file protein_6.pdb (PDB, C-alpha atoms)
ATOM      1  CA  MET A   1       0.000   0.000   0.000
ATOM      2  CA  ASP A   2       1.193   3.492  -0.863
ATOM      3  CA  GLN A   3       2.404   5.301   2.259
ATOM      4  CA  ARG A   4       2.087   8.795   0.837
ATOM      5  CA  THR A   5      -0.404  11.195   2.392
ATOM      6  CA  ASP A   6      -3.422  12.486   0.492
ATOM      7  CA  PRO A   7      -1.854  15.897  -0.251
ATOM      8  CA  GLU A   8       1.299  14.151  -1.511
ATOM      9  CA  LEU A   9      -0.776  11.920  -3.766
ATOM     10  CA  VAL A  10      -2.743  14.898  -5.058
ATOM     11  CA  ALA A  11       0.464  16.799  -5.796
ATOM     12  CA  ALA A  12       1.859  13.787  -7.653
ATOM     13  CA  ALA A  13      -1.393  13.302  -9.567
ATOM     14  CA  GLN A  14      -1.416  16.984 -10.517
ATOM     15  CA  GLY A  15       1.966  16.313 -12.109
ATOM     16  CA  GLY A  16       0.458  13.518 -14.206
ATOM     17  CA  ASP A  17       1.169  10.514 -11.933
ATOM     18  CA  LEU A  18      -1.768   8.216 -12.646
ATOM     19  CA  GLN A  19      -0.665   5.649 -10.060
ATOM     20  CA  ALA A  20      -0.930   8.319  -7.389
ATOM     21  CA  PHE A  21      -4.452   9.100  -8.499
ATOM     22  CA  GLU A  22      -5.342   5.399  -8.548
ATOM     23  CA  GLU A  23      -4.196   5.160  -4.938
ATOM     24  CA  LEU A  24      -6.508   8.066  -4.066
ATOM     25  CA  VAL A  25      -9.383   6.237  -5.750
ATOM     26  CA  ARG A  26      -8.660   3.016  -3.836
ATOM     27  CA  ARG A  27      -8.293   4.885  -0.590
ATOM     28  CA  HIS A  28     -11.550   6.825  -0.800
ATOM     29  CA  GLN A  29     -13.821   4.751  -3.007
ATOM     30  CA  SER A  30     -15.805   3.244  -0.137
ATOM     31  CA  PHE A  31     -16.481   6.674   1.305
ATOM     32  CA  VAL A  32     -17.439   8.182  -2.046
ATOM     33  CA  PHE A  33     -19.635   5.202  -2.926
ATOM     34  CA  GLY A  34     -21.325   5.419   0.479
ATOM     35  CA  ALA A  35     -21.999   9.129   0.045
ATOM     36  CA  ALA A  36     -23.499   8.426  -3.382
ATOM     37  CA  MET A  37     -25.511   5.464  -2.090
ATOM     38  CA  ARG A  38     -26.907   7.593   0.683
ATOM     39  CA  VAL A  39     -28.354  10.100  -1.780
ATOM     40  CA  THR A  40     -29.438   7.780  -4.576
ATOM     41  CA  GLN A  41     -30.555   4.776  -2.507
ATOM     42  CA  ASN A  42     -29.696   2.777  -5.609
ATOM     43  CA  ARG A  43     -26.572   0.634  -5.758
ATOM     44  CA  SER A  44     -26.106   0.649  -9.493
ATOM     45  CA  LEU A  45     -26.624   4.414  -9.754
ATOM     46  CA  ALA A  46     -24.300   4.966  -6.793
ATOM     47  CA  GLU A  47     -21.529   3.023  -8.556
ATOM     48  CA  ASP A  48     -21.930   5.229 -11.631
ATOM     49  CA  VAL A  49     -21.904   8.325  -9.448
ATOM     50  CA  ALA A  50     -18.738   7.204  -7.636
ATOM     51  CA  GLN A  51     -16.924   6.617 -10.932
ATOM     52  CA  GLU A  52     -18.108   9.950 -12.311
ATOM     53  CA  ALA A  53     -17.057  11.713  -9.106
ATOM     54  CA  PHE A  54     -13.498  10.395  -9.333
ATOM     55  CA  PHE A  55     -13.336  11.122 -13.037
ATOM     56  CA  ARG A  56     -14.487  14.682 -12.458
ATOM     57  CA  ALA A  57     -12.056  15.026  -9.565
ATOM     58  CA  TRP A  58      -9.235  13.978 -11.860
ATOM     59  CA  ARG A  59     -10.284  16.557 -14.435
ATOM     60  CA  LYS A  60     -10.482  19.251 -11.768
ATOM     61  CA  LEU A  61      -7.293  18.313  -9.926
ATOM     62  CA  ASP A  62      -5.640  21.576 -10.884
ATOM     63  CA  SER A  63      -8.373  23.533  -9.123
ATOM     64  CA  PHE A  64      -8.017  21.569  -5.881
ATOM     65  CA  ARG A  65      -6.875  23.797  -3.048
ATOM     66  CA  GLY A  66      -4.180  22.172  -0.959
ATOM     67  CA  ASP A  67      -5.607  23.513   2.302
ATOM     68  CA  ALA A  68      -8.853  21.518   1.941
ATOM     69  CA  GLN A  69      -9.301  17.867   2.915
ATOM     70  CA  VAL A  70      -9.248  15.578  -0.108
ATOM     71  CA  ARG A  71     -12.112  13.538   1.293
ATOM     72  CA  SER A  72     -14.249  16.617   1.928
ATOM     73  CA  TRP A  73     -13.619  17.716  -1.630
ATOM     74  CA  LEU A  74     -14.558  14.295  -3.016
ATOM     75  CA  TYR A  75     -17.613  14.195  -0.773
ATOM     76  CA  ARG A  76     -18.918  17.465  -2.204
ATOM     77  CA  ILE A  77     -18.297  16.380  -5.778
ATOM     78  CA  ALA A  78     -19.989  13.009  -5.223
ATOM     79  CA  THR A  79     -22.991  14.530  -3.456
ATOM     80  CA  ASN A  80     -23.541  17.074  -6.224
ATOM     81  CA  ILE A  81     -23.325  14.421  -8.932
ATOM     82  CA  ALA A  82     -25.642  12.123  -6.973
ATOM     83  CA  LEU A  83     -28.212  14.887  -6.556
ATOM     84  CA  ASN A  84     -28.061  15.658 -10.260
ATOM     85  CA  ALA A  85     -28.409  11.966 -11.082
ATOM     86  CA  VAL A  86     -31.477  11.629  -8.881
ATOM     87  CA  THR A  87     -32.951  14.812 -10.371
ATOM     88  CA  ARG A  88     -32.400  13.462 -13.868
ATOM     89  CA  SER A  89     -33.997  10.148 -13.008
ATOM     90  CA  ARG A  90     -36.901  12.101 -11.551
ATOM     91  CA  GLU A  91     -37.255  14.210 -14.692
ATOM     92  CA  SER A  92     -37.011  11.154 -16.958
ATOM     93  CA  PRO A  93     -39.654   8.763 -15.710
ATOM     94  CA  SER A  94     -39.180   5.042 -16.237
ATOM     95  CA  SER A  95     -40.538   3.183 -19.244
ATOM     96  CA  GLU A  96     -43.760   2.626 -17.357
ATOM     97  CA  PRO A  97     -45.458   6.013 -17.726
ATOM     98  CA  ASP A  98     -48.753   4.942 -16.187
ATOM     99  CA  ARG A  99     -47.179   3.980 -12.921
ATOM    100  CA  THR A 100     -47.619   6.891 -10.535
ATOM    101  CA  PRO A 101     -45.418   6.664  -7.445
ATOM    102  CA  ASP A 102     -47.380   6.741  -4.234
ATOM    103  CA  ALA A 103     -46.214   7.174  -0.683
ATOM    104  CA  ALA A 104     -45.356   3.517  -0.245
ATOM    105  CA  THR A 105     -43.218   2.953  -3.327
ATOM    106  CA  PRO A 106     -39.419   2.956  -3.446
ATOM    107  CA  GLU A 107     -39.616   5.678  -6.121
ATOM    108  CA  ARG A 108     -41.514   7.946  -3.782
ATOM    109  CA  ALA A 109     -39.055   7.236  -0.995
ATOM    110  CA  MET A 110     -36.191   8.025  -3.353
ATOM    111  CA  VAL A 111     -37.795  11.323  -4.384
ATOM    112  CA  GLU A 112     -38.335  12.255  -0.761
ATOM    113  CA  THR A 113     -34.760  11.408   0.130
ATOM    114  CA  ALA A 114     -33.486  13.343  -2.869
ATOM    115  CA  THR A 115     -35.631  16.332  -1.908
ATOM    116  CA  ARG A 116     -34.175  16.306   1.590
ATOM    117  CA  HIS A 117     -30.677  16.151   0.166
ATOM    118  CA  ALA A 118     -31.409  18.897  -2.322
ATOM    119  CA  LEU A 119     -32.509  21.061   0.566
ATOM    120  CA  ALA A 120     -29.370  20.198   2.528
ATOM    121  CA  ALA A 121     -27.192  21.013  -0.476
ATOM    122  CA  LEU A 122     -28.970  24.328  -1.006
ATOM    123  CA  VAL A 123     -28.445  25.256   2.621
ATOM    124  CA  ALA A 124     -24.796  24.239   2.356
ATOM    125  CA  ASP A 125     -24.399  26.554  -0.618
ATOM    126  CA  LEU A 126     -25.831  29.584   1.168
ATOM    127  CA  PRO A 127     -23.293  32.286   2.011
ATOM    128  CA  GLU A 128     -21.939  31.904   5.542
ATOM    129  CA  ASP A 129     -23.683  35.047   6.836
ATOM    130  CA  LEU A 130     -27.070  33.683   5.725
ATOM    131  CA  ARG A 131     -26.479  30.005   6.429
ATOM    132  CA  ARG A 132     -25.635  30.289  10.102
ATOM    133  CA  PRO A 133     -28.753  32.194  11.195
ATOM    134  CA  TYR A 134     -30.914  30.085   8.876
ATOM    135  CA  VAL A 135     -29.654  26.781  10.303
ATOM    136  CA  LEU A 136     -30.043  28.041  13.880
ATOM    137  CA  ARG A 137     -33.610  29.096  13.151
ATOM    138  CA  GLU A 138     -34.892  26.270  10.934
ATOM    139  CA  PHE A 139     -32.990  23.261  12.230
ATOM    140  CA  GLU A 140     -32.228  24.159  15.819
ATOM    141  CA  GLU A 141     -35.408  26.182  16.313
ATOM    142  CA  ARG A 142     -33.687  29.010  18.165
ATOM    143  CA  SER A 143     -35.504  32.306  18.647
ATOM    144  CA  TYR A 144     -34.474  35.393  16.725
ATOM    145  CA  GLU A 145     -33.195  36.936  19.947
ATOM    146  CA  GLU A 146     -31.018  33.913  20.727
ATOM    147  CA  ILE A 147     -29.613  33.843  17.205
ATOM    148  CA  SER A 148     -28.888  37.527  17.412
ATOM    149  CA  GLN A 149     -26.964  36.964  20.636
ATOM    150  CA  VAL A 150     -25.144  33.825  19.478
ATOM    151  CA  LEU A 151     -23.965  35.433  16.264
ATOM    152  CA  GLY A 152     -23.434  38.876  17.737
ATOM    153  CA  ILE A 153     -25.505  40.656  15.120
ATOM    154  CA  PRO A 154     -28.432  43.085  15.564
ATOM    155  CA  LEU A 155     -31.930  41.620  15.783
ATOM    156  CA  ASN A 156     -33.110  43.302  12.585
ATOM    157  CA  THR A 157     -30.081  42.006  10.705
ATOM    158  CA  THR A 158     -30.876  38.512  11.992
ATOM    159  CA  ARG A 159     -34.440  38.757  10.701
ATOM    160  CA  THR A 160     -33.305  40.106   7.342
ATOM    161  CA  ARG A 161     -30.695  37.407   6.854
ATOM    162  CA  ILE A 162     -33.102  34.602   7.751
ATOM    163  CA  HIS A 163     -35.656  36.083   5.385
ATOM    164  CA  ARG A 164     -33.101  36.273   2.577
ATOM    165  CA  ALA A 165     -31.957  32.708   3.260
ATOM    166  CA  ARG A 166     -35.563  31.454   3.180
ATOM    167  CA  LYS A 167     -36.150  33.198  -0.134
ATOM    168  CA  ALA A 168     -32.992  31.696  -1.606
ATOM    169  CA  VAL A 169     -33.878  28.200  -0.390
ATOM    170  CA  ALA A 170     -37.487  28.503  -1.566
ATOM    171  CA  HIS A 171     -36.291  29.635  -4.976
ATOM    172  CA  GLY A 172     -33.862  26.709  -5.187
ATOM    173  CA  MET A 173     -36.527  24.219  -4.166
ATOM    174  CA  GLU A 174     -39.015  25.351  -6.804
ATOM    175  CA  ALA A 175     -37.878  22.580  -9.135
ATOM    176  CA  TRP A 176     -38.837  20.017  -6.499
ATOM    177  CA  ARG A 177     -42.428  21.106  -6.155
TER
ATOM    178  CA  MET B   1     -11.704  18.228  14.742
ATOM    179  CA  THR B   2     -13.835  16.598  17.434
ATOM    180  CA  CYS B   3     -17.603  16.558  17.616
ATOM    181  CA  ASP B   4     -20.385  15.086  19.705
ATOM    182  CA  ILE B   5     -22.510  13.523  16.973
ATOM    183  CA  SER B   6     -23.799  10.214  18.347
ATOM    184  CA  ASP B   7     -23.281   6.885  16.562
ATOM    185  CA  ASP B   8     -27.045   6.479  16.147
ATOM    186  CA  ARG B   9     -27.387   9.851  14.482
ATOM    187  CA  LEU B  10     -24.452   9.178  12.198
ATOM    188  CA  GLN B  11     -25.863   5.759  11.321
ATOM    189  CA  ALA B  12     -29.143   7.463  10.439
ATOM    190  CA  TYR B  13     -27.227   9.940   8.305
ATOM    191  CA  ALA B  14     -25.310   7.131   6.586
ATOM    192  CA  SER B  15     -28.535   5.403   5.612
ATOM    193  CA  GLY B  16     -30.166   8.593   4.340
ATOM    194  CA  ALA B  17     -32.712   8.895   7.137
ATOM    195  CA  GLU B  18     -31.079  12.025   8.577
ATOM    196  CA  ALA B  19     -30.384  14.986   6.294
ATOM    197  CA  THR B  20     -29.484  17.862   8.574
ATOM    198  CA  LEU B  21     -25.881  16.722   9.109
ATOM    199  CA  HIS B  22     -24.862  17.378   5.519
ATOM    200  CA  ILE B  23     -22.978  20.600   6.221
ATOM    201  CA  HIS B  24     -21.320  19.187   9.324
ATOM    202  CA  VAL B  25     -20.190  15.995   7.585
ATOM    203  CA  SER B  26     -18.798  17.916   4.637
ATOM    204  CA  GLU B  27     -16.414  19.642   7.060
ATOM    205  CA  CYS B  28     -15.845  17.190   9.926
ATOM    206  CA  GLY B  29     -12.925  14.797   9.428
ATOM    207  CA  GLY B  30     -13.936  12.756  12.480
ATOM    208  CA  CYS B  31     -17.412  12.052  11.136
ATOM    209  CA  GLN B  32     -15.939  11.276   7.726
ATOM    210  CA  ASP B  33     -13.652   8.691   9.350
ATOM    211  CA  ARG B  34     -16.598   7.058  11.075
ATOM    212  CA  LEU B  35     -18.696   7.131   7.906
ATOM    213  CA  ALA B  36     -15.840   5.568   5.938
ATOM    214  CA  VAL B  37     -16.001   2.598   8.327
ATOM    215  CA  ILE B  38     -19.803   2.342   8.087
ATOM    216  CA  TRP B  39     -19.870   2.662   4.312
ATOM    217  CA  GLY B  40     -16.749   0.599   3.755
ATOM    218  CA  ALA B  41     -18.404  -2.645   4.779
ATOM    219  CA  ASP B  42     -20.254  -3.276   1.546
ATOM    220  CA  SER B  43     -18.824  -1.184  -1.233
ATOM    221  CA  PRO B  44     -17.804  -2.246  -4.725
ATOM    222  CA  ASP B  45     -14.379  -1.712  -6.275
ATOM    223  CA  VAL B  46     -14.824   1.132  -8.779
ATOM    224  CA  SER B  47     -11.123   1.771  -9.283
ATOM    225  CA  GLY B  48     -10.913  -0.386 -12.445
ATOM    226  CA  PRO B  49     -13.546   1.358 -14.583
ATOM    227  CA  THR B  50     -12.613   4.748 -13.131
ATOM    228  CA  MET B  51      -8.950   4.402 -14.042
ATOM    229  CA  ARG B  52      -9.805   3.119 -17.530
ATOM    230  CA  ALA B  53     -11.769   6.316 -18.148
ATOM    231  CA  VAL B  54      -8.982   8.419 -16.625
ATOM    232  CA  ARG B  55      -6.303   6.746 -18.781
ATOM    233  CA  ILE B  56      -8.324   7.277 -21.966
ATOM    234  CA  GLU B  57      -8.812  10.924 -21.023
ATOM    235  CA  ALA B  58      -5.097  11.325 -20.227
ATOM    236  CA  PHE B  59      -4.120   9.673 -23.507
ATOM    237  CA  THR B  60      -6.518  11.900 -25.474
ATOM    238  CA  ARG B  61      -5.227  14.997 -23.724
ATOM    239  CA  ASP B  62      -1.585  14.043 -24.371
ATOM    240  CA  THR B  63      -2.352  13.270 -27.998
ATOM    241  CA  ILE B  64      -4.036  16.634 -28.520
ATOM    242  CA  GLU B  65      -1.099  18.429 -26.884
ATOM    243  CA  LEU B  66       1.413  16.505 -28.959
ATOM    244  CA  SER B  67      -0.548  17.214 -32.144
ATOM    245  CA  ALA B  68      -0.673  20.897 -31.305
ATOM    246  CA  HIS B  69       3.096  20.936 -30.780
ATOM    247  CA  LEU B  70       3.727  19.053 -34.011
ATOM    248  CA  ILE B  71       1.524  21.405 -36.002
ATOM    249  CA  GLY B  72       3.213  24.381 -34.344
ATOM    250  CA  ASP B  73       6.659  22.997 -35.163
ATOM    251  CA  PHE B  74       5.568  22.247 -38.723
ATOM    252  CA  PHE B  75       4.496  25.830 -39.333
ATOM    253  CA  LYS B  76       7.654  27.166 -37.683
ATOM    254  CA  ALA B  77       9.757  25.012 -40.011
ATOM    255  CA  LEU B  78       7.681  26.098 -42.970
ATOM    256  CA  ILE B  79       8.253  29.757 -42.175
ATOM    257  CA  MET B  80      12.003  29.139 -41.816
ATOM    258  CA  LEU B  81      12.298  27.178 -45.061
ATOM    259  CA  VAL B  82      10.127  29.155 -47.425
ATOM    260  CA  PRO B  83      12.285  31.883 -48.965
ATOM    261  CA  VAL B  84      11.068  35.374 -48.432
ATOM    262  CA  PRO B  85      10.795  37.176 -51.783
ATOM    263  CA  ARG B  86      13.259  40.032 -51.952
ATOM    264  CA  LYS B  87      12.481  43.310 -53.532
ATOM    265  CA  GLU B  88      14.484  43.942 -56.668
ATOM    266  CA  PRO B  89      16.559  47.110 -56.491
ATOM    267  CA  GLU B  90      15.124  49.737 -58.774
TER
END

call {"tool": "encode", "arguments": {"input": "protein_6.pdb", "output": "C-alpha cells"}}
result
Amino acid sequence: MDQRTDPELVAAAQGGDLQAFEELVRRHQSFVFGAAMRVTQNRSLAEDVAQEAFFRAWRKLDSFRGDAQVRSWLYRIATNIALNAVTRSRESPSSEPDRTPDAATPERAMVETATRHALAALVADLPEDLRRPYVLREFEERSYEEISQVLGIPLNTTRTRIHRARKAVAHGMEAWR
Amino acid sequence: MTCDISDDRLQAYASGAEATLHIHVSECGGCQDRLAVIWGADSPDVSGPTMRAVRIEAFTRDTIELSAHLIGDFFKALIMLVPVPRKEPE
C-alpha cells in the first residue's frame, strides 16, 4: 500500500502521476460510494456516481486547493453528482409512464430522500452570513433573539438574513415542487 | 476536529434517514472517518472502470497536446524554409 499522504498523492497526480491518483481512488472509493448510495438509494446508480465523481475530480485536480481535505472535496463532488443523477432520473420517468409513485413505493421514498438532500445542499451553498442564522432558526429552532446573541448581530439584521436565506432556499426548491 | 454527533445519528445519516448533518459531515474529518467505516463494509471496487476512463482521457489529452506541438513545429519550419521574396533594387 502506498504510504504517501493524500496531499502528496494529489500533488503527484497533478503532475500527471496516474498511479498516485489510482491510490486516491482506492483509498476513498468506499467513502465516495457510500456518500453516493446515501443520496441515490440505488446501488447501481451509486456506482456510476462514484466513478463519475473520481473522473471529475481527476479533471479538476488543478483547481483543488491544498488547504482543503481531499475527502471533503470528493464528498462534495460526489454529493452534487448524486443529486443531479437523482434529479435526472426524476425528470425522466421510467418506461412505465402509467405507474404513478405513491407514498409507499421505493420511487416515492427516493424522491423524498433526494428532496431532503437537495434542501441540505442548497443550505450548504448559502453564504456563511445567511447560512448560520438560517440553520439556527430552521434546524435548531432558536428564537431570533437567541440567534442575534449567538452570532453577535443586531436583531433586525438577523431577521433580514433569515428572510433572505428562506427566499434563496425557496427559490432553489421550486424545481422540487 | 472533534464533535459530539452520536453513533445512532451518524448511522441514520449514513442510511439517508437524517439529512441535517450534511454541512457538518462535509467539514468534519472525524465524522468522515466514522462514515468511511460504516460505508466501507459493503462497497464495490470502482477503481478499475474509473482508471480506464482516466487513462483514456489522459491519452486523449496528451495526444491533442502533442498534435498541437507538431503542427506548431511544422508551421515554424515552414516559415524558416520558405524563402522570403526580396524586392528587386530599382

call {"tool": "resolve_selection", "arguments": {"input": "protein_6.pdb", "expression": "the PyMOL selection byres ((chain B) within 12 of (chain A))", "output": "VMD selection string"}}
result
chain B and resid 10 to 59 61 to 62

call {"tool": "residues_near_point", "arguments": {"input": "protein_6.pdb", "point": "(-31.3, 5.0, -12.7)", "cutoff": "9 Å", "atoms": "only C-alpha atoms", "output": "number ranges by chain"}}
result
A: 40, 42, 44-45, 85-86, 88-89, 94

call {"tool": "write_last_selection", "arguments": {"input": "protein_6.pdb", "atoms": "C-alpha atoms", "output": "mmCIF file, keeping the file's coordinate frame"}}
result
data_model
loop_
_atom_site.group_PDB
_atom_site.id
_atom_site.type_symbol
_atom_site.label_atom_id
_atom_site.label_comp_id
_atom_site.auth_asym_id
_atom_site.auth_seq_id
_atom_site.Cartn_x
_atom_site.Cartn_y
_atom_site.Cartn_z
ATOM 1 C CA THR A 40 -29.438 7.780 -4.576
ATOM 2 C CA ASN A 42 -29.696 2.777 -5.609
ATOM 3 C CA SER A 44 -26.106 0.649 -9.493
ATOM 4 C CA LEU A 45 -26.624 4.414 -9.754
ATOM 5 C CA ALA A 85 -28.409 11.966 -11.082
ATOM 6 C CA VAL A 86 -31.477 11.629 -8.881
ATOM 7 C CA ARG A 88 -32.400 13.462 -13.868
ATOM 8 C CA SER A 89 -33.997 10.148 -13.008
ATOM 9 C CA SER A 94 -39.180 5.042 -16.237
#

call {"tool": "atom_distance", "arguments": {"input": "protein_6.pdb", "atom1": "CA of Gly172 (chain A)", "atom2": "CA of Ser143 (chain A)"}}
result
24.5 Å

call {"tool": "atom_distance", "arguments": {"input": "protein_6.pdb", "atom1": "CA of Pro133 (chain A)", "atom2": "CA of Leu155 (chain A)"}}
result
11.0 Å

call {"tool": "build_atoms", "arguments": {"input": "protein_6.pdb", "residues": "region 56-83 of chain A", "atoms": "N, CA and C atoms", "output": "mmCIF file, in the coordinates of the input"}}
result
data_model
loop_
_atom_site.group_PDB
_atom_site.id
_atom_site.type_symbol
_atom_site.label_atom_id
_atom_site.label_comp_id
_atom_site.auth_asym_id
_atom_site.auth_seq_id
_atom_site.Cartn_x
_atom_site.Cartn_y
_atom_site.Cartn_z
ATOM 1 N N ARG A 56 -14.395 13.215 -12.496
ATOM 2 C CA ARG A 56 -14.487 14.682 -12.458
ATOM 3 C C ARG A 56 -13.400 15.264 -11.556
ATOM 4 N N ALA A 57 -13.125 14.571 -10.462
ATOM 5 C CA ALA A 57 -12.056 15.026 -9.565
ATOM 6 C C ALA A 57 -10.721 15.049 -10.305
ATOM 7 N N TRP A 58 -10.490 14.028 -11.107
ATOM 8 C CA TRP A 58 -9.235 13.978 -11.860
ATOM 9 C C TRP A 58 -9.139 15.153 -12.834
ATOM 10 N N ARG A 59 -10.276 15.437 -13.488
ATOM 11 C CA ARG A 59 -10.284 16.557 -14.435
ATOM 12 C C ARG A 59 -10.083 17.904 -13.736
ATOM 13 N N LYS A 60 -10.553 17.969 -12.486
ATOM 14 C CA LYS A 60 -10.482 19.251 -11.768
ATOM 15 C C LYS A 60 -9.327 19.305 -10.778
ATOM 16 N N LEU A 61 -8.391 18.379 -10.900
ATOM 17 C CA LEU A 61 -7.293 18.313 -9.926
ATOM 18 C C LEU A 61 -6.549 19.638 -9.789
ATOM 19 N N ASP A 62 -6.397 20.320 -10.918
ATOM 20 C CA ASP A 62 -5.640 21.576 -10.884
ATOM 21 C C ASP A 62 -6.321 22.631 -10.024
ATOM 22 N N SER A 63 -7.650 22.520 -9.899
ATOM 23 C CA SER A 63 -8.373 23.533 -9.123
ATOM 24 C C SER A 63 -8.465 23.160 -7.636
ATOM 25 N N PHE A 64 -7.936 21.982 -7.285
ATOM 26 C CA PHE A 64 -8.017 21.569 -5.881
ATOM 27 C C PHE A 64 -7.082 22.424 -5.022
ATOM 28 N N ARG A 65 -7.665 22.971 -3.948
ATOM 29 C CA ARG A 65 -6.875 23.797 -3.048
ATOM 30 C C ARG A 65 -6.206 22.887 -2.029
ATOM 31 N N GLY A 66 -4.941 23.043 -1.857
ATOM 32 C CA GLY A 66 -4.180 22.172 -0.959
ATOM 33 C C GLY A 66 -4.610 22.247 0.488
ATOM 34 N N ASP A 67 -5.257 23.370 0.883
ATOM 35 C CA ASP A 67 -5.607 23.513 2.302
ATOM 36 C C ASP A 67 -6.884 22.741 2.653
ATOM 37 N N ALA A 68 -7.617 22.259 1.653
ATOM 38 C CA ALA A 68 -8.853 21.518 1.941
ATOM 39 C C ALA A 68 -8.542 20.028 2.089
ATOM 40 N N GLN A 69 -9.442 19.314 2.788
ATOM 41 C CA GLN A 69 -9.301 17.867 2.915
ATOM 42 C C GLN A 69 -9.720 17.213 1.602
ATOM 43 N N VAL A 70 -8.925 16.256 1.143
ATOM 44 C CA VAL A 70 -9.248 15.578 -0.108
ATOM 45 C C VAL A 70 -10.619 14.900 -0.007
ATOM 46 N N ARG A 71 -10.858 14.269 1.152
ATOM 47 C CA ARG A 71 -12.112 13.538 1.293
ATOM 48 C C ARG A 71 -13.321 14.483 1.306
ATOM 49 N N SER A 72 -13.159 15.636 1.925
ATOM 50 C CA SER A 72 -14.249 16.617 1.928
ATOM 51 C C SER A 72 -14.545 17.080 0.507
ATOM 52 N N TRP A 73 -13.487 17.282 -0.234
ATOM 53 C CA TRP A 73 -13.619 17.716 -1.630
ATOM 54 C C TRP A 73 -14.350 16.639 -2.441
ATOM 55 N N LEU A 74 -13.912 15.393 -2.294
ATOM 56 C CA LEU A 74 -14.558 14.295 -3.016
ATOM 57 C C LEU A 74 -16.012 14.129 -2.590
ATOM 58 N N TYR A 75 -16.253 14.329 -1.315
ATOM 59 C CA TYR A 75 -17.613 14.195 -0.773
ATOM 60 C C TYR A 75 -18.546 15.193 -1.447
ATOM 61 N N ARG A 76 -18.086 16.429 -1.584
ATOM 62 C CA ARG A 76 -18.918 17.465 -2.204
ATOM 63 C C ARG A 76 -19.173 17.146 -3.682
ATOM 64 N N ILE A 77 -18.128 16.719 -4.356
ATOM 65 C CA ILE A 77 -18.297 16.380 -5.778
ATOM 66 C C ILE A 77 -19.305 15.243 -5.916
ATOM 67 N N ALA A 78 -19.112 14.188 -5.113
ATOM 68 C CA ALA A 78 -19.989 13.009 -5.223
ATOM 69 C C ALA A 78 -21.432 13.365 -4.883
ATOM 70 N N THR A 79 -21.629 14.171 -3.849
ATOM 71 C CA THR A 79 -22.991 14.530 -3.456
ATOM 72 C C THR A 79 -23.677 15.342 -4.555
ATOM 73 N N ASN A 80 -22.945 16.266 -5.150
ATOM 74 C CA ASN A 80 -23.541 17.074 -6.224
ATOM 75 C C ASN A 80 -23.925 16.207 -7.418
ATOM 76 N N ILE A 81 -23.025 15.290 -7.785
ATOM 77 C CA ILE A 81 -23.325 14.421 -8.932
ATOM 78 C C ILE A 81 -24.515 13.519 -8.604
ATOM 79 N N ALA A 82 -24.542 13.012 -7.375
ATOM 80 C CA ALA A 82 -25.642 12.123 -6.973
ATOM 81 C C ALA A 82 -26.979 12.870 -7.018
ATOM 82 N N LEU A 83 -26.979 14.098 -6.529
ATOM 83 C CA LEU A 83 -28.212 14.887 -6.556
ATOM 84 C C LEU A 83 -28.668 15.133 -7.986
#
